file run-v9.cif (mmCIF, C-alpha atoms and all ligand atoms)
data_start
loop_
_atom_site.label_atom_id
_atom_site.label_comp_id
_atom_site.auth_asym_id
_atom_site.auth_seq_id
_atom_site.Cartn_x
_atom_site.Cartn_y
_atom_site.Cartn_z
CA MET A 1 96.52 130.66 83.75
CA LEU A 2 96.19 132.71 86.92
CA ALA A 3 99.92 133.43 87.06
CA ASP A 4 99.81 134.60 83.44
CA TYR A 5 96.68 136.67 84.05
CA VAL A 6 98.18 138.43 87.07
CA GLY A 7 101.64 138.62 85.47
CA VAL A 8 103.60 136.81 88.20
CA ALA A 9 106.02 133.93 88.12
CA GLU A 10 104.14 131.55 90.40
CA CYS A 11 100.63 130.73 91.54
CA ARG A 12 99.36 127.89 93.70
CA CYS A 13 95.67 127.12 94.01
CA VAL A 14 94.38 126.00 97.40
CA SER A 15 91.08 125.21 99.08
CA SER A 16 90.23 128.81 100.07
CA CYS A 17 91.62 132.29 100.50
CA THR A 18 91.64 131.58 104.23
CA ALA A 19 93.98 128.65 103.54
CA ALA A 20 96.19 130.91 101.40
CA LEU A 21 96.39 133.50 104.20
CA THR A 22 97.11 130.83 106.82
CA LEU A 23 99.88 129.27 104.72
CA SER A 24 101.31 132.73 104.05
CA MET A 25 101.74 133.32 107.77
CA ARG A 26 103.81 130.12 107.96
CA VAL A 27 105.85 130.95 104.87
CA LEU A 28 106.56 134.49 106.10
CA GLY A 29 107.79 133.05 109.40
CA ILE A 30 105.20 134.93 111.45
CA GLY A 31 104.59 133.57 114.96
CA PRO A 32 104.29 134.40 118.65
CA GLY A 33 105.58 137.84 119.55
CA ASP A 34 105.02 139.20 116.04
CA GLU A 35 102.45 141.82 115.09
CA VAL A 36 100.58 142.07 111.81
CA LEU A 37 98.65 145.20 110.86
CA VAL A 38 95.16 144.25 109.69
CA PRO A 39 92.29 146.58 108.78
CA ALA A 40 89.53 146.65 111.36
CA LEU A 41 87.09 146.58 108.46
CA THR A 42 87.53 143.21 106.82
CA PHE A 43 86.15 139.72 106.87
CA VAL A 44 87.45 137.99 110.00
CA ALA A 45 89.46 135.47 107.95
CA SER A 46 92.18 138.14 107.63
CA ALA A 47 92.60 138.54 111.39
CA ASN A 48 91.98 134.85 112.13
CA ALA A 49 94.98 133.85 110.01
CA VAL A 50 97.19 136.01 112.23
CA GLU A 51 95.61 134.61 115.41
CA HIS A 52 96.18 131.03 114.24
CA ALA A 53 99.86 131.82 113.70
CA GLY A 54 100.05 132.81 117.38
CA ALA A 55 100.84 136.40 116.36
CA THR A 56 98.91 139.55 117.26
CA PRO A 57 96.62 141.23 114.75
CA VAL A 58 96.92 144.97 115.32
CA LEU A 59 93.78 146.53 113.91
CA VAL A 60 93.92 149.75 111.91
CA ASP A 61 90.95 152.02 111.21
CA SER A 62 89.64 152.75 107.72
CA GLU A 63 90.02 155.91 105.73
CA PRO A 64 86.68 157.69 105.35
CA GLY A 65 84.80 157.05 102.10
CA SER A 66 86.61 154.08 100.62
CA GLY A 67 86.78 152.13 103.88
CA LEU A 68 90.26 150.92 102.93
CA ILE A 69 92.97 150.63 105.58
CA ASP A 70 94.15 154.12 106.59
CA LEU A 71 97.82 154.06 105.61
CA ASP A 72 98.74 157.07 107.79
CA GLN A 73 97.44 155.19 110.81
CA ALA A 74 99.09 151.98 109.61
CA GLU A 75 102.45 153.74 109.39
CA ALA A 76 101.98 155.19 112.88
CA ALA A 77 101.19 151.69 114.22
CA ILE A 78 104.45 150.11 113.01
CA THR A 79 106.62 148.95 115.93
CA PRO A 80 109.78 146.83 116.09
CA ARG A 81 107.48 143.80 116.44
CA THR A 82 105.56 144.53 113.22
CA LYS A 83 106.40 141.73 110.84
CA ALA A 84 103.79 142.37 108.14
CA ILE A 85 100.94 144.51 106.89
CA MET A 86 97.87 142.78 105.48
CA PRO A 87 96.05 145.30 103.28
CA VAL A 88 92.60 144.27 102.05
CA HIS A 89 91.47 145.52 98.64
CA LEU A 90 87.99 145.95 100.03
CA ALA A 91 85.07 145.61 97.61
CA GLY A 92 87.61 145.28 94.76
CA ARG A 93 89.03 148.80 95.21
CA PRO A 94 92.82 148.68 95.13
CA VAL A 95 94.75 150.03 98.09
CA ASP A 96 97.44 152.62 97.23
CA MET A 97 100.21 150.21 96.23
CA ASP A 98 102.82 152.97 95.78
CA ARG A 99 102.45 153.97 99.40
CA LEU A 100 102.40 150.36 100.60
CA THR A 101 105.53 149.51 98.65
CA ARG A 102 107.25 152.51 100.24
CA LEU A 103 106.22 151.32 103.72
CA ARG A 104 107.52 147.83 102.90
CA ASP A 105 110.87 149.12 101.72
CA GLU A 106 111.31 151.83 104.34
CA TYR A 107 110.36 149.79 107.42
CA GLY A 108 111.39 146.33 106.19
CA VAL A 109 107.93 144.88 106.86
CA GLN A 110 106.42 142.19 104.65
CA ILE A 111 103.18 142.74 102.78
CA LEU A 112 100.56 140.03 102.48
CA GLU A 113 97.73 141.30 100.30
CA ASP A 114 94.26 139.98 101.04
CA ALA A 115 92.89 140.29 97.50
CA ALA A 116 89.83 138.12 98.14
CA HIS A 117 87.72 140.78 96.37
CA ALA A 118 90.23 142.00 93.86
CA LEU A 119 91.11 139.48 91.17
CA GLY A 120 91.32 141.60 88.01
CA ALA A 121 91.90 144.89 89.83
CA GLN A 122 94.84 147.09 88.86
CA TRP A 123 96.68 149.87 90.67
CA ARG A 124 97.91 152.45 88.15
CA GLY A 125 98.55 150.06 85.30
CA ARG A 126 99.77 147.07 87.31
CA MET A 127 97.68 144.07 88.31
CA ILE A 128 96.95 143.52 91.98
CA GLY A 129 99.17 140.56 92.81
CA ALA A 130 102.10 141.78 90.71
CA PHE A 131 103.77 144.07 93.25
CA GLY A 132 106.25 141.50 94.55
CA ASN A 133 104.24 140.57 97.65
CA LEU A 134 102.38 137.42 98.58
CA THR A 135 98.82 137.96 97.39
CA ALA A 136 95.82 135.79 98.26
CA PHE A 137 92.67 135.51 96.13
CA SER A 138 89.30 133.91 96.91
CA PHE A 139 87.02 131.90 94.65
CA TYR A 140 84.30 131.53 97.25
CA VAL A 141 80.79 131.30 95.84
CA THR A 142 80.08 135.04 96.08
CA LYS A 143 83.32 136.15 94.42
CA ASN A 144 83.90 137.56 90.91
CA VAL A 145 85.32 134.17 89.84
CA THR A 146 84.07 131.18 91.81
CA THR A 147 85.07 127.57 92.23
CA ILE A 148 82.38 127.36 94.95
CA GLU A 149 85.21 127.15 97.50
CA GLY A 150 88.76 127.91 96.51
CA GLY A 151 91.65 130.30 96.69
CA ALA A 152 95.08 131.03 95.30
CA LEU A 153 98.37 132.54 96.34
CA VAL A 154 100.62 134.32 93.88
CA THR A 155 104.30 135.11 94.37
CA GLN A 156 107.40 135.91 92.35
CA ASP A 157 109.42 133.41 94.40
CA PRO A 158 109.52 129.78 93.17
CA GLU A 159 110.79 128.52 96.55
CA VAL A 160 107.84 130.12 98.34
CA ALA A 161 105.48 128.57 95.80
CA ALA A 162 107.03 125.13 96.26
CA ARG A 163 106.71 125.40 100.02
CA VAL A 164 103.09 126.54 99.78
CA GLU A 165 102.32 123.62 97.51
CA ARG A 166 103.89 121.20 99.97
CA LEU A 167 102.26 122.74 103.04
CA ALA A 168 98.87 122.61 101.31
CA LEU A 169 99.16 118.82 101.10
CA HIS A 170 100.34 117.54 104.49
CA GLY A 171 103.94 118.55 103.82
CA LEU A 172 104.40 115.68 101.38
CA SER A 173 107.39 115.78 99.09
CA LEU A 174 105.27 114.58 96.14
CA GLY A 175 101.72 115.54 95.18
CA ALA A 176 99.13 113.17 93.71
CA TRP A 177 100.12 113.87 90.10
CA GLN A 178 103.66 112.73 90.81
CA ARG A 179 102.74 109.78 93.03
CA PHE A 180 100.06 108.22 90.84
CA SER A 181 101.65 108.64 87.44
CA ASP A 182 102.44 105.78 85.06
CA ALA A 183 106.16 106.11 85.73
CA GLY A 184 106.18 103.51 88.52
CA PHE A 185 105.56 103.56 92.26
CA LYS A 186 107.00 106.48 94.17
CA HIS A 187 107.18 106.95 97.93
CA TYR A 188 106.42 110.34 99.37
CA GLU A 189 108.25 111.74 102.35
CA VAL A 190 106.98 114.25 104.88
CA VAL A 191 109.42 117.09 105.10
CA GLU A 192 107.37 119.31 107.43
CA PRO A 193 103.87 118.98 108.93
CA GLY A 194 101.42 120.54 106.51
CA PHE A 195 97.70 121.01 106.13
CA LYS A 196 94.95 119.62 103.88
CA TYR A 197 94.37 122.71 101.78
CA ASN A 198 94.56 121.41 98.21
CA MET A 199 92.20 122.61 95.49
CA THR A 200 90.51 119.75 93.64
CA ASP A 201 90.66 119.41 89.87
CA VAL A 202 86.87 119.72 89.75
CA GLN A 203 87.08 123.15 91.39
CA ALA A 204 89.92 124.18 89.07
CA ALA A 205 87.86 123.13 86.05
CA LEU A 206 85.13 125.57 87.10
CA GLY A 207 87.59 128.42 87.48
CA LEU A 208 89.43 127.79 84.21
CA HIS A 209 86.34 128.60 82.20
CA GLN A 210 85.54 131.77 84.09
CA LEU A 211 88.93 133.44 84.10
CA PRO A 212 88.93 134.34 80.37
CA ARG A 213 85.63 136.15 80.91
CA LEU A 214 86.58 138.06 84.05
CA ASP A 215 87.58 141.35 82.40
CA GLU A 216 84.32 141.45 80.44
CA TRP A 217 82.39 140.72 83.66
CA ILE A 218 84.19 143.51 85.53
CA ALA A 219 83.29 145.90 82.70
CA ARG A 220 79.64 144.85 83.00
CA ARG A 221 79.78 145.28 86.76
CA ALA A 222 81.15 148.81 86.19
CA GLN A 223 78.17 149.64 83.94
CA LEU A 224 75.71 148.42 86.54
CA TRP A 225 77.67 150.34 89.19
CA ALA A 226 77.30 153.61 87.26
CA ARG A 227 73.62 152.93 86.73
CA TYR A 228 73.10 152.38 90.50
CA ASP A 229 74.92 155.68 91.11
CA ASP A 230 72.41 157.48 88.85
CA LEU A 231 69.31 155.71 90.13
CA LEU A 232 70.16 156.30 93.78
CA ALA A 233 71.00 159.99 93.41
CA ASP A 234 67.75 161.24 94.99
CA LEU A 235 67.57 158.76 97.89
CA PRO A 236 68.98 159.34 101.40
CA VAL A 237 71.96 157.05 100.77
CA HIS A 238 75.56 157.79 99.85
CA THR A 239 76.91 155.87 96.87
CA PRO A 240 80.49 154.55 96.88
CA PRO A 241 83.23 157.12 96.16
CA PRO A 242 84.46 157.17 92.55
CA ALA A 243 87.25 154.79 91.59
CA ASP A 244 90.77 156.11 90.91
CA PRO A 245 90.64 156.96 87.17
CA ASN A 246 94.10 155.44 86.58
CA SER A 247 93.30 152.15 88.31
CA ILE A 248 90.86 149.30 87.76
CA HIS A 249 88.37 148.61 90.50
CA ALA A 250 87.21 144.97 90.43
CA ARG A 251 83.66 146.16 91.31
CA HIS A 252 83.09 143.24 93.65
CA LEU A 253 80.74 144.91 96.13
CA TYR A 254 78.45 147.91 95.67
CA GLN A 255 78.13 149.35 99.17
CA VAL A 256 75.83 152.22 100.01
CA THR A 257 75.86 154.19 103.24
CA ILE A 258 72.51 155.08 104.69
CA ASP A 259 72.07 158.66 105.80
CA PRO A 260 71.93 158.77 109.64
CA ASP A 261 68.80 160.99 109.25
CA ALA A 262 67.00 158.45 107.04
CA PRO A 263 63.65 157.27 108.42
CA LEU A 264 64.94 153.68 108.87
CA THR A 265 68.03 152.28 110.50
CA ARG A 266 70.41 150.19 108.38
CA ASP A 267 69.19 146.98 110.02
CA GLN A 268 65.53 147.90 109.45
CA LEU A 269 66.41 148.56 105.82
CA LEU A 270 68.14 145.17 105.50
CA HIS A 271 65.06 143.50 106.89
CA GLY A 272 62.75 145.51 104.63
CA LEU A 273 64.74 144.56 101.54
CA ILE A 274 64.56 140.90 102.44
CA THR A 275 60.78 141.15 102.69
CA HIS A 276 60.92 142.55 99.12
CA ASN A 277 62.90 139.45 98.08
CA ILE A 278 66.11 141.42 97.63
CA GLY A 279 69.31 139.86 98.90
CA THR A 280 71.70 142.19 100.66
CA GLY A 281 74.89 141.90 102.66
CA VAL A 282 76.91 143.77 105.27
CA HIS A 283 80.62 144.09 104.52
CA TYR A 284 81.46 144.00 107.31
CA LEU A 285 80.85 144.13 111.00
CA GLY A 286 84.37 145.30 111.92
CA VAL A 287 86.72 142.74 113.46
CA HIS A 288 86.86 144.86 116.65
CA LEU A 289 83.10 144.42 117.15
CA HIS A 290 83.25 140.61 117.30
CA PRO A 291 83.29 139.29 120.88
CA PHE A 292 86.50 137.26 120.52
CA TYR A 293 88.61 140.20 119.33
CA ARG A 294 86.76 142.80 121.41
CA ASP A 295 87.32 140.84 124.61
CA LYS A 296 90.79 139.43 123.96
CA TYR A 297 92.27 142.82 123.05
CA GLY A 298 89.91 145.07 125.06
CA LEU A 299 88.79 146.95 121.93
CA GLU A 300 86.20 149.73 121.93
CA PRO A 301 84.13 150.87 118.93
CA SER A 302 85.39 154.43 119.50
CA GLN A 303 88.99 153.35 118.77
CA PHE A 304 87.94 152.70 115.15
CA PRO A 305 85.36 155.41 114.43
CA VAL A 306 85.36 155.07 110.63
CA ALA A 307 85.19 151.26 110.60
CA THR A 308 82.48 151.39 113.27
CA ALA A 309 80.36 153.85 111.26
CA ILE A 310 80.74 151.70 108.12
CA SER A 311 79.81 148.61 110.15
CA GLU A 312 76.63 150.32 111.31
CA LEU A 313 75.54 152.28 108.25
CA THR A 314 76.44 150.39 105.07
CA LEU A 315 74.81 147.63 103.11
CA SER A 316 75.71 145.98 99.82
CA LEU A 317 73.24 145.85 96.96
CA PRO A 318 72.96 142.95 94.49
CA LEU A 319 75.74 143.18 91.91
CA SER A 320 76.89 140.58 89.42
CA PRO A 321 77.14 140.40 85.63
CA LYS A 322 73.77 138.63 85.65
CA VAL A 323 71.94 141.37 87.50
CA SER A 324 69.66 142.90 84.86
CA GLU A 325 68.55 146.50 84.59
CA ALA A 326 65.06 145.33 85.60
CA ASP A 327 66.58 143.75 88.72
CA GLN A 328 68.29 147.03 89.54
CA ASP A 329 64.99 148.88 89.07
CA ASP A 330 63.39 146.45 91.55
CA VAL A 331 66.16 147.08 94.08
CA VAL A 332 65.96 150.85 93.74
CA GLY A 333 62.15 150.77 93.76
CA ALA A 334 62.19 148.84 97.03
CA LEU A 335 64.77 151.20 98.55
CA ALA A 336 62.70 154.22 97.51
CA GLU A 337 59.54 152.73 99.01
CA LEU A 338 61.28 151.87 102.27
CA LEU A 339 63.18 155.13 102.63
CA THR A 340 60.41 157.62 101.82
C1 LIG B 1 88.28 140.14 102.66
C2 LIG B 1 88.22 138.65 102.71
N1 LIG B 1 89.30 137.96 103.09
C3 LIG B 1 89.30 136.62 103.14
C4 LIG B 1 88.19 135.90 102.80
C5 LIG B 1 88.23 134.40 102.90
O1 LIG B 1 88.00 133.81 101.67
P1 LIG B 1 87.59 132.28 101.57
O2 LIG B 1 86.13 132.19 101.83
O3 LIG B 1 87.95 131.88 100.16
O4 LIG B 1 88.40 131.55 102.56
C6 LIG B 1 87.04 136.55 102.38
C7 LIG B 1 85.85 135.77 102.02
O5 LIG B 1 84.75 136.12 102.00
C8 LIG B 1 87.05 137.97 102.34
O6 LIG B 1 85.96 138.63 101.95
#
call {"tool": "encode", "arguments": {"input": "run-v9.cif", "output": "C-alpha cells"}}
result
Amino acid sequence: MLADYVGVAECRCVSSCTAALTLSMRVLGIGPGDEVLVPALTFVASANAVEHAGATPVLVDSEPGSGLIDLDQAEAAITPRTKAIMPVHLAGRPVDMDRLTRLRDEYGVQILEDAAHALGAQWRGRMIGAFGNLTAFSFYVTKNVTTIEGGALVTQDPEVAARVERLALHGLSLGAWQRFSDAGFKHYEVVEPGFKYNMTDVQAALGLHQLPRLDEWIARRAQLWARYDDLLADLPVHTPPPADPNSIHARHLYQVTIDPDAPLTRDQLLHGLITHNIGTGVHYLGVHLHPFYRDKYGLEPSQFPVATAISELTLSLPLSPKVSEADQDDVVGALAELLT
C-alpha cells in the first residue's frame, strides 16, 4: 500500500525510521573515510546513522525561515569524499527536489531522504519518495501515521529492497512467512550478517488503517495551520513561512519562532505552557549542540548561525487532526497571557 501511495516500485517496512536510515547506509556502501552531508537542524537519528556506519556526518546549516538544509552551503561542502546527501524534509516541508536531483546528477553523490516528517508531502506534483532516491519514513508515535514504532524505506530498485528486507532480519535468506508456511520445512541460510529491524504484523495492521485517511488528515492539519497563523498574528512570535503553492507540505510540525525582544525566553515559554497543561516540543536542538558531536568534531554554535537560532528560539505547538478549534484557542490564550 505504501509503495502504491508513494508511487514507487518497492517498499520495505522496518522497526523504525532510524533502522531504515541505518540499513540505507549499508546498502549505499557508505563506510569509513566517506562523508555524508546532514543538516545541522535535524533529529540526531539522521547523524547517528552516519556515525554508526563509521562515516563522517558533515553538518550543513539551515536556510533562514524554513530551517531546511541550505543547498548552496551543501553544494559548497561537497568534496571527493562526499558519498551522499541526507536532506530532511523538516516539519513536513519538502526540500527543493529539483535542486537536489541536479546535485545528485552533477556530482555523482547519492541522496538518502530522511522523510520521517513527510509521508504524504509532494514537491511540485511528485510525491516525496518518488524521486529515484532511497527515502526513509517514520511511523513513530508522534508522526502523521503511526504504528507506535515503525518505519519504511522506499526505492525503485528491487535488488536494494531485497537486500534491505534480508538485512532487517539477521541476513536470513528466508523470512518468517516463507519459513513457516504449509509448504513443508525450509532451512534458512545467512548470506550476510544483518540486524533485527523487522516490523511486526501488529504494527503494520495499525498503519494499514491510517494510510487511506492520511490525505484527509493533512488537509485538516493545513486548516488548523492557517487558523494558528491568524490567531497568532498579534503576538510577538513569527509563524512558519508559507508553503510552496505548487507543493504539498505534510504539516507535521507547527513551529513558531519567539521574538528575541519578547518578555520571556523560549525556555521560559515552554515551561509556562506546560504549567497551562499545553504540550510543546523543540524541533530541534541542532546536532552540533549535542556534546558528542560538538566535542568529536570541535563544532561551535557560530558555525551554524541559522540552526543555532532556530534551536534557541522555536517551539512547536500542538497540531494533529484531533486538535479542536477550542484546543487551539486554549493554546493561543495561554501564549497571549504568557507573552503580554
Ligand atoms: C527527522 C527525523 N529523522 C529520523 C527520525 C527517527 O525516526 P524513528 O523514531 O522512527 O526511528 C525522527 C524521529 O523522530 C525524525 O524526526
call {"tool": "closest_atom_pairs", "arguments": {"input": "run-v9.cif", "of": "chain A", "to": "ligand LIG 1 (chain B)", "cutoff": "7 Å", "atoms": "only C-alpha atoms and all ligand atoms", "output": "tab-separated table"}}
result
residue	atom	partner	partner_atom	distance
A:Ser16	CA	B:LIG1	O3	3.8
A:Cys17	CA	B:LIG1	O3	3.7
A:Thr18	CA	B:LIG1	O4	3.6
A:Ala19	CA	B:LIG1	O4	6.4
A:Thr42	CA	B:LIG1	C1	5.2
A:Phe43	CA	B:LIG1	C1	4.7
A:Ala45	CA	B:LIG1	C3	4.9
A:Ser46	CA	B:LIG1	N1	5.4
A:Val88	CA	B:LIG1	C1	6.0
A:Leu90	CA	B:LIG1	C1	6.4
A:Asp114	CA	B:LIG1	N1	5.7
A:Ala115	CA	B:LIG1	C1	6.9
A:Ala116	CA	B:LIG1	C2	4.9
A:His117	CA	B:LIG1	O6	6.2
A:Ser138	CA	B:LIG1	O3	4.1
A:Phe139	CA	B:LIG1	O3	5.6
A:Tyr140	CA	B:LIG1	O3	4.7
A:Glu149	CA	B:LIG1	O3	6.1
A:Gly150	CA	B:LIG1	O3	5.5
A:Gly151	CA	B:LIG1	O3	5.3
call {"tool": "closest_residue", "arguments": {"input": "run-v9.cif", "among": "A:Lys83, A:Arg26, A:Arg126, A:Lys322", "to": "Gly194 (chain A)", "atoms": "all atoms listed in the file"}}
result
A:Arg26
call {"tool": "closest_residue", "arguments": {"input": "run-v9.cif", "among": "A:Pro242, A:Gly272, A:Pro39, A:Gly92", "to": "Ala336 (chain A)", "atoms": "only C-alpha atoms"}}
result
A:Gly272
call {"tool": "atom_distance", "arguments": {"input": "run-v9.cif", "atom1": "CA of Asp327 (chain A)", "atom2": "CA of Arg221 (chain A)"}}
result
13.4 Å
call {"tool": "atom_distance", "arguments": {"input": "run-v9.cif", "atom1": "CA of Leu253 (chain A)", "atom2": "CA of Ala76 (chain A)"}}
result
28.9 Å
call {"tool": "residues_around", "arguments": {"input": "run-v9.cif", "residues": "Val8 (chain A)", "least_positions_apart": "3", "cutoff": "7 Å", "atoms": "all atoms listed in the file", "output": "list in words"}}
result
Ala3, Asp4, Ala130, Val154, Thr155 and Gln156 of chain A
call {"tool": "decode", "arguments": {"input": "run-v9.cif", "residues": "region 142-171 of chain A", "atoms": "C-alpha atoms", "output": "mmCIF file, in the first residue's frame"}}
result
data_model
loop_
_atom_site.group_PDB
_atom_site.id
_atom_site.type_symbol
_atom_site.label_atom_id
_atom_site.label_comp_id
_atom_site.auth_asym_id
_atom_site.auth_seq_id
_atom_site.Cartn_x
_atom_site.Cartn_y
_atom_site.Cartn_z
ATOM 1 C CA THR A 142 4.144 11.412 17.148
ATOM 2 C CA LYS A 143 4.132 11.084 13.353
ATOM 3 C CA ASN A 144 1.309 11.766 10.867
ATOM 4 C CA VAL A 145 0.777 7.994 10.510
ATOM 5 C CA THR A 146 1.837 5.913 13.493
ATOM 6 C CA THR A 147 2.441 2.250 14.193
ATOM 7 C CA ILE A 148 3.699 3.345 17.646
ATOM 8 C CA GLU A 149 7.211 2.429 16.476
ATOM 9 C CA GLY A 150 7.918 1.745 12.839
ATOM 10 C CA GLY A 151 9.471 2.937 9.639
ATOM 11 C CA ALA A 152 9.764 2.212 5.951
ATOM 12 C CA LEU A 153 12.214 2.547 3.115
ATOM 13 C CA VAL A 154 11.090 3.101 -0.458
ATOM 14 C CA THR A 155 13.177 2.558 -3.574
ATOM 15 C CA GLN A 156 12.759 1.947 -7.285
ATOM 16 C CA ASP A 157 15.343 -0.851 -7.154
ATOM 17 C CA PRO A 158 14.076 -4.390 -6.399
ATOM 18 C CA GLU A 159 17.592 -5.617 -5.538
ATOM 19 C CA VAL A 160 18.005 -2.866 -2.954
ATOM 20 C CA ALA A 161 14.604 -3.756 -1.500
ATOM 21 C CA ALA A 162 15.501 -7.441 -1.295
ATOM 22 C CA ARG A 163 18.755 -6.636 0.469
ATOM 23 C CA VAL A 164 17.026 -4.300 2.919
ATOM 24 C CA GLU A 165 14.488 -6.994 3.689
ATOM 25 C CA ARG A 166 17.248 -9.513 4.340
ATOM 26 C CA LEU A 167 19.380 -7.141 6.410
ATOM 27 C CA ALA A 168 16.341 -6.241 8.517
ATOM 28 C CA LEU A 169 16.057 -9.879 9.612
ATOM 29 C CA HIS A 170 19.544 -11.089 10.553
ATOM 30 C CA GLY A 171 20.572 -11.530 6.923
#
